[in-house]
Structure formats: structure tokens, C-alpha cells
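Visitor: Please find one structure pasted underneath; my questions will follow.
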Amino acid sequence: MPSWMPGAVGYEVYVRSFADSDGDGFGDVPGVTQRLPYLAELGVDIVWLTPFYESPGADHGYDVSDPRAVDERFGTLDDVRTLCDTAHALGLRVLVDIVPNHVSDQHAWFRGALAGDAALRDRFVVVDGALEDGPPNNWLSHFGGPAWTHRPELGGWYMHLFLPEQPDLNWENQAVRDEYLDVVRFWLEVGVDGLRIDVTHSLLEDPQLRDNPWIAEVAHDAAPGVRFGAMAHVHDLDLDATAALFAPWRELAEANDAVLIGETYLLDPVRVARYVEDGLLHAAFWFPTLHTGWDHAAIAEALRLGVEVGRGRFGWPISSHDDPHAAERFGGGELGRRRALAFMTVVLGLPGVPFLMQGDELGLDNGVVDALEDPVALASGGAESRDGSRTPMPWAPGPNLGFTTGTPWLPLGSNRTDADTVQVQADDPTSALHTTRRLLAARRARPDLTGEAELVWLSSTEPLLAYRRGDTVVACTIGAAATLQLGSGSFAHASAPGATLEDGTLTLPADVAVIVDLRSQ
Ligand code: NOJ
């Protein structure tokens, strides 16, 4: 484990929506570089960049046609080098997103396979068969429809857990394993400090291609996510042998003082933990915290499981580009913002690696947009959509709130106002931005929260959620005011005003979290 990793806080930059430096409407790598001082001042440590590689953009960059090339919309390889140098000078670390499960159908390998190259065809999951015979099994695409598409040029069906434009790679094939080890090496040599691994748990499939069992009845025309969730993914996801595929990556990472963080979108914490056991990945994301509303029982359970099973090795996303922002999940608007700041306080005190997403520090809910850009939105006629969590970052009052001088690829959202921007919030000490900065500073100053101090739950009884690590207590109310007997101490942070600590009794208004330092009298 690199010495810079313990205690670090991550920040997800959704590159195409962060900052546009050249007016083409897409955020880009130089735009991120220009804003790195903002992130350093905010107080995060790790900046994760979503894919900026050459890509037709069918899944907004997660359909990669050349994993070593930077898409010209986003900049050049030299721009990435400059970003890394600038980040390092500011004390920040950089993660890039590697996408090993699938490539774009425009990748040279898939085009070669379609042109009849048998060795290239074997790098994909292809099954001989006629169109009339139907797909080889009942597996589904995350994005709707079967996980199989027929191509006469291939003489059969190829598998894709996402869009047909994203053919799955065959990880039984040594050439695929060698290639991705080399891609990892390539980016480490460019100067990045680690990798976020896309759908870490998806690389292997059942060699016998057995049907998955259905676990719920579901209509044929149900939204893609609903249909996908009605099946037990025992044969297409998280096979036992998958985790070990990352052992050679780990060796390379260790030799370069770099880290590997897995996108492990699984609901069973024991399965997630397998990816960080035996020295495989340095951290694995625990996603159930992204699925809860402002619901005491659901939040308490998601946190408890992640703490108990993760033992400091789980990543805690506050929001992500695939799920509604925290402020949105918790009710939106001012109330959502208040609750999201409280939630962030609780998550930032847990053992492990918390990850903010861009805009969390501003308390942003989802952008309200009519556009349907996300392939999931297109497939479901808007019933499911990730567009609202991907709207561009509001920087300052003015056209497009300072994101671009051109036309943004996705509107910022009809609900965005000047009050949402970095510039306006920077001038207001009570803003979400200042509250988040204070939270990050309070955390950084407390080894109890950044180190290995054991976590002891003090209350999981509604509406209170409270834990102690060393001499530091983190307490939060979810839905109503509450009190807790604590003894003497002082506030190191409060997510909103109104909390008191008198005669040993902590009193919290509804939807507020505090950090209490028990050492101070
Ligand atoms: C997970 C990514 O976060 C998501 O945005 C993408 O659509 C899928 N993996 C496929 O790569």
C-alpha cells in the first residue's frame, strides 16, 4: 500500500462535464488541470478521471476504441502528463479509469474479428450459431435486451453485458490478459497514481454459458435495470476466479507506488471483500450507500455492513455518474442539500476511502434536463436515466454557469441557479462548499478518523446514527431531532447550525451531523 493512500479522500471528476477549456462543449483534460488548485483547496487527495480515451461515445467513453489514445475532444497524451505533473505539485494523486471488460465495436480487435481474423475473434465471447436459433442463453444486457447480438461475419453471437457497441472481451484468452497488463503499465509510465477498474467483477463468465436463474417475475417491457435485477447473476458476474486476475496488476501497481480501486457493483459485502483479500486490490467500492433514500434503517444497514465486512478496505461513494446525487436521493433542493452534507459527514469518518463526486461539495442535486443522452435513457424512453447526475459543473454566474463558452454537450439543468456555483458559494461562509471544506479539514486533523482507530457504534436507533473512533464521535440525525449522552467535548465540525453540547448531552436538530472531539473540554 503506498504511504499516501491511508486516510486519503477521493473525488470523481466526470471529465466531459467538469470544465471545458476550448469551447467545444465538452469538458476536457486541460480544463481539469486548470481546476486542480480548486480541488487542492477543497482538501481532497485523489482525483479520479472518468474515461477520456479514444471512443465513439456510445456509452460516453466507456466504449473504448483505443485504451492508450486520448480522444481529441478531451485533449492529448501530453495534456494528461501535464495534468499529472500539476496534480503532483499540488499534492494530489491521479487515478484513471481502465475498462477491461469490454471494448468499443470500433476497436481494431473487433473490426479484425468481423473481417475474419480467427485469433482476434477468440478475444471476444463468441458462440457459433444461426440467428433463427436465438441467443445462446438468457443473459441480459445491463442496458436492455439480451446480452447477445448476432453477426453473420462472426458466424454467430457475441456477448455484451452493456451495449451491442461494447463487445465483452474473453478473459480466458492470454492475449487479452497480456494486453491489459500492458495498458496498466502504459498509464503508470505516463505518470498516474492508480486505476479505477470498471466493472471489476464482470471479466469472467461461466464457460458452459448456463442460464441465470430468475428470482422475480418481471414484464418483458420493464425498464432495463428492473429486468437485470430480476435475475440472479450467478453465471455472468463475479465468478470465483475473477478476483485472482488482478494479481499481476497488483505487482505492477506495487512497483510503481500506485493503487487499484475496483468498481465492484455487488450487493453482498462478502463478495466485494474477496477483491481486496489476499493483497489483490487496494480498495473496492461498496455501492449500497448509493441506493438508499433518507431512510435511517437503510443507511444504518448499508454503513454497518460496509464497516464490518470492509474493515477499512472499502471505498465509500457519496454520489457517482451512474446514480442520483446524494442531495437528489435525499429529497432534492435545500432539504436534500442539508441531508447530503450530514450524510457526507458520517461517511467521511468511516474507515476506508470516501469518494465525493463533482458537485457533492456544492450540495448539488440532479440537473433537470429534457435531453436523452444516456444509452440507458434512450433504451428506456427516459424511465431510467443517468443524465441528471452527469450535468455539467456550475462554476460561476454567466453563460452556461462558466462550464463552457460553447454549447454544452448536456444542458446544465433548468434547476441550476447562480447560488449553485462555486464562485457564489466561495463568497458565502455558510455555503455547502465552505461546509465541505471545513469537514475535510476537520477530518484531516483527526488521526482517529484517518487512521486505524476501531469504530464502535454508539447508536443505530432511529433517528440517531452515532459512532466513536478513539476520542472522536460522529453523530447524525436522520428525520428528527435527538439527544445523546456523551460527556464533555467540543465540536470539530457541524454540517448545519443548531447542535449543542451541554452538561454532557449532545442535542442535534433533525438532519444534522457533527464531529465531536472528546479530548477538548
Ligand atoms: C460502469 C461505469 O461507471 C458506467 O458508467 C458504464 O456505463 C459501465 N460501467 C460500462 O462500462
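For the C-alpha cells, the naming scheme is as follows: chains receive sequential letters (A, B, ...) according to their order of presentation, residues are indexed from 1 within each chain, and ligands are indexed from 1 in presentation order.
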Determine, counting only C-alpha atoms, which protein, DNA and RNA residues have an atom within 6 Å of an atom of Ser141 of chain A; residues of the same chain fewer than 6 positions away are not included. Present the result as a ChimeraX atom specification.
Guide: /A:147,161-162
Visitor: Mind checking which residues fall within 8 Å of segment 470-474 of chain A, counting only C-alpha atoms, ignoring those fewer than 4 positions away in the same chain, and posting them as a PyMOL selection string?
Guide: chain A and resi 345-346+349+446+448-449+453-455+466+513-519
Visitor: Could you pull the residues within 10 Å of Ala8 of chain A, counting only C-alpha atoms, minus those fewer than 4 positions along the same chain, as a ChimeraX atom specification?
Guide: /A:4,43-46,92-93,352-355,444,450-451
Visitor: Neighbours of ligand 1 within 6 Å, counting only C-alpha atoms and all ligand atoms, as number ranges by chain?
Guide: A: 59, 62, 198-199, 322
Visitor: Of the candidates A:Ser319, A:Asn138, A:Ser495, A:Thr391, which shows the shortest atom-to-atom distance to Thr430 of chain A, using only C-alpha atoms?
Guide: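 Under the stated criterion, the closest residue is A:Ser495.
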Visitor: What's around segment 9-24 of chain A at 6 Å? Count only C-alpha atoms, leave out sequence neighbours fewer than 4 positions away in its own chain, and write the answer as a list in words.
Guide: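 Final neighbour list, sorted by chain and number: Asp28, Gly31, Val44, Asp45, Ile46, Val47, Trp48, Leu49, Thr50, Val353, Pro354, Phe355, Leu356, Met357, Gln358, Pro392, Met393, Phe403, Thr404, Thr405 and Gly406 of chain A.
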Visitor: I need the residues from that last selection saved to file as a PDB file, in the first residue's frame (with C-alpha atoms), if you can.
Guide:
ATOM      1  CA  ASP A  28     -11.557  18.181 -21.213  1.00  0.00           C
ATOM      2  CA  GLY A  31      -9.999  22.037 -18.152  1.00  0.00           C
ATOM      3  CA  VAL A  44      -9.359  16.070  -1.372  1.00  0.00           C
ATOM      4  CA  ASP A  45      -6.336  13.868  -2.091  1.00  0.00           C
ATOM      5  CA  ILE A  46      -7.157  11.612  -5.048  1.00  0.00           C
ATOM      6  CA  VAL A  47      -8.681  12.776  -8.332  1.00  0.00           C
ATOM      7  CA  TRP A  48     -10.339  10.001 -10.360  1.00  0.00           C
ATOM      8  CA  LEU A  49     -10.834  10.877 -14.015  1.00  0.00           C
ATOM      9  CA  THR A  50     -13.575   9.076 -15.952  1.00  0.00           C
ATOM     10  CA  VAL A 353     -11.713   5.605   1.221  1.00  0.00           C
ATOM     11  CA  PRO A 354     -14.581   8.084   0.823  1.00  0.00           C
ATOM     12  CA  PHE A 355     -15.208   9.415  -2.685  1.00  0.00           C
ATOM     13  CA  LEU A 356     -17.047  12.628  -3.424  1.00  0.00           C
ATOM     14  CA  MET A 357     -18.367  13.185  -6.906  1.00  0.00           C
ATOM     15  CA  GLN A 358     -18.013  16.573  -8.531  1.00  0.00           C
ATOM     16  CA  PRO A 392     -22.002  19.983 -16.219  1.00  0.00           C
ATOM     17  CA  MET A 393     -20.379  21.588 -13.200  1.00  0.00           C
ATOM     18  CA  PHE A 403     -18.728  25.461 -17.763  1.00  0.00           C
ATOM     19  CA  THR A 404     -18.204  26.290 -21.447  1.00  0.00           C
ATOM     20  CA  THR A 405     -18.215  29.234 -23.813  1.00  0.00           C
ATOM     21  CA  GLY A 406     -19.819  26.935 -26.410  1.00  0.00           C
TER      22      GLY A 406
END
Visitor: Could you give me the residues within segment 275-361 of chain A that DSSP places in helix (DSSP H, G or I), as a PyMOL selection string?
Guide: chain A and resi 277-279+288-290+296-310+326-329+333-348+360-361
Visitor: Between A:Asp79, A:Asp370, A:Asp427, A:Asp85, single out the one closest to Ala396 of chain A, counting only C-alpha atoms.
Guide: A:Asp427
Visitor: Mind the document's chain letters and residue numbers, and return as JSON, numbers by chain the residues of segment 117-365 of chain A that DSSP labels strand (DSSP E).
Guide: {"A": [126, 127, 128, 148, 149, 150, 151, 156, 157, 158, 159, 194, 195, 196, 197, 259, 260, 261, 262, 283, 284, 285, 314, 315, 316, 317, 353, 354, 355, 356, 357]}
Visitor: Just write the chosen residues, N, CA, C and O atoms, as a CSV table (one decimal), in the first residue's frame.
Guide:
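As a result, out.csv now contains:
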chain,number,residue,atom,x,y,z
A,126,VAL,N,-17.7,-15.3,-28.2
A,126,VAL,CA,-18.5,-15.6,-29.4
A,126,VAL,C,-18.9,-17.0,-29.4
A,126,VAL,O,-18.1,-17.9,-29.1
A,127,VAL,N,-20.2,-17.2,-29.8
A,127,VAL,CA,-20.7,-18.6,-29.9
A,127,VAL,C,-21.3,-18.8,-31.3
A,127,VAL,O,-22.0,-18.0,-31.8
A,128,ASP,N,-20.8,-19.9,-31.9
A,128,ASP,CA,-21.3,-20.2,-33.2
A,128,ASP,C,-22.8,-20.4,-33.2
A,128,ASP,O,-23.4,-20.9,-32.2
A,148,TRP,N,-26.6,-10.7,-26.0
A,148,TRP,CA,-26.1,-11.3,-27.2
A,148,TRP,C,-26.6,-10.6,-28.5
A,148,TRP,O,-27.7,-10.3,-28.5
A,149,THR,N,-25.7,-10.4,-29.4
A,149,THR,CA,-26.1,-9.9,-30.7
A,149,THR,C,-25.5,-10.8,-31.8
A,149,THR,O,-24.3,-11.3,-31.6
A,150,HIS,N,-26.3,-11.1,-32.8
A,150,HIS,CA,-25.8,-11.9,-33.9
A,150,HIS,C,-25.1,-11.2,-35.0
A,150,HIS,O,-25.6,-10.1,-35.4
A,151,ARG,N,-24.0,-11.6,-35.4
A,151,ARG,CA,-23.3,-11.0,-36.6
A,151,ARG,C,-22.9,-12.1,-37.5
A,151,ARG,O,-22.1,-13.0,-37.2
A,156,GLY,N,-21.9,-16.2,-35.8
A,156,GLY,CA,-22.6,-16.5,-34.5
A,156,GLY,C,-22.9,-15.3,-33.7
A,156,GLY,O,-23.0,-14.1,-34.2
A,157,TRP,N,-23.0,-15.5,-32.4
A,157,TRP,CA,-23.5,-14.5,-31.4
A,157,TRP,C,-22.3,-14.0,-30.6
A,157,TRP,O,-21.5,-14.8,-30.1
A,158,TYR,N,-22.2,-12.7,-30.4
A,158,TYR,CA,-21.2,-12.2,-29.4
A,158,TYR,C,-21.9,-11.6,-28.2
A,158,TYR,O,-23.0,-11.1,-28.3
A,159,MET,N,-21.2,-11.7,-27.1
A,159,MET,CA,-21.7,-11.3,-25.8
A,159,MET,C,-21.4,-9.8,-25.5
A,159,MET,O,-20.3,-9.4,-25.8
A,194,GLY,N,-2.7,5.5,-10.1
A,194,GLY,CA,-3.5,4.3,-9.9
A,194,GLY,C,-4.7,4.3,-10.8
A,194,GLY,O,-4.8,5.1,-11.7
A,195,LEU,N,-5.5,3.2,-10.6
A,195,LEU,CA,-6.6,2.9,-11.6
A,195,LEU,C,-7.8,2.7,-10.8
A,195,LEU,O,-7.9,2.0,-9.8
A,196,ARG,N,-8.9,3.2,-11.4
A,196,ARG,CA,-10.3,2.7,-11.0
A,196,ARG,C,-10.6,1.7,-12.1
A,196,ARG,O,-10.5,2.0,-13.3
A,197,ILE,N,-11.0,0.5,-11.7
A,197,ILE,CA,-11.2,-0.6,-12.6
A,197,ILE,C,-12.7,-0.7,-12.9
A,197,ILE,O,-13.5,-1.1,-12.0
A,259,VAL,N,-2.1,2.6,-6.8
A,259,VAL,CA,-3.2,1.8,-6.2
A,259,VAL,C,-4.2,1.4,-7.2
A,259,VAL,O,-4.4,1.9,-8.3
A,260,LEU,N,-4.9,0.3,-6.9
A,260,LEU,CA,-6.0,-0.3,-7.7
A,260,LEU,C,-7.3,-0.2,-6.9
A,260,LEU,O,-7.4,-0.7,-5.8
A,261,ILE,N,-8.3,0.4,-7.5
A,261,ILE,CA,-9.6,0.5,-6.8
A,261,ILE,C,-10.7,-0.1,-7.7
A,261,ILE,O,-10.8,0.3,-8.9
A,262,GLY,N,-11.4,-1.0,-7.2
A,262,GLY,CA,-12.3,-1.8,-8.0
A,262,GLY,C,-13.7,-1.2,-8.0
A,262,GLY,O,-14.3,-0.9,-6.9
A,283,ALA,N,-8.5,-1.2,-2.7
A,283,ALA,CA,-9.8,-0.9,-2.2
A,283,ALA,C,-10.9,-1.3,-3.2
A,283,ALA,O,-10.6,-1.5,-4.4
A,284,ALA,N,-12.1,-1.5,-2.7
A,284,ALA,CA,-13.2,-1.9,-3.6
A,284,ALA,C,-14.4,-1.1,-3.2
A,284,ALA,O,-14.7,-0.9,-2.0
A,285,PHE,N,-15.1,-0.5,-4.2
A,285,PHE,CA,-16.2,0.3,-3.9
A,285,PHE,C,-17.4,-0.5,-3.3
A,285,PHE,O,-17.7,-1.6,-3.8
A,314,PHE,N,-12.9,-0.8,2.0
A,314,PHE,CA,-14.0,-0.4,1.0
A,314,PHE,C,-13.9,1.1,0.7
A,314,PHE,O,-13.5,1.9,1.5
A,315,GLY,N,-14.3,1.4,-0.6
A,315,GLY,CA,-14.4,2.8,-1.0
A,315,GLY,C,-15.9,3.2,-0.8
A,315,GLY,O,-16.8,2.3,-1.0
A,316,TRP,N,-16.1,4.4,-0.3
A,316,TRP,CA,-17.5,4.8,0.0
A,316,TRP,C,-17.9,6.0,-0.9
A,316,TRP,O,-17.5,7.1,-0.7
A,317,PRO,N,-18.6,5.7,-2.0
A,317,PRO,CA,-19.0,6.8,-2.9
A,317,PRO,C,-20.2,7.6,-2.3
A,317,PRO,O,-21.1,7.0,-1.8
A,353,VAL,N,-12.0,4.5,2.1
A,353,VAL,CA,-11.7,5.6,1.2
A,353,VAL,C,-13.0,6.3,0.7
A,353,VAL,O,-13.7,5.8,-0.2
A,354,PRO,N,-13.4,7.4,1.3
A,354,PRO,CA,-14.6,8.1,0.8
A,354,PRO,C,-14.3,8.7,-0.5
A,354,PRO,O,-13.2,9.2,-0.8
A,355,PHE,N,-15.3,8.8,-1.4
A,355,PHE,CA,-15.2,9.4,-2.7
A,355,PHE,C,-16.4,10.4,-2.9
A,355,PHE,O,-17.5,10.0,-2.9
A,356,LEU,N,-16.0,11.7,-3.0
A,356,LEU,CA,-17.0,12.6,-3.4
A,356,LEU,C,-17.1,12.6,-4.9
A,356,LEU,O,-16.2,12.2,-5.6
A,357,MET,N,-18.3,12.9,-5.5
A,357,MET,CA,-18.4,13.2,-6.9
A,357,MET,C,-18.4,14.7,-7.1
A,357,MET,O,-18.9,15.4,-6.2
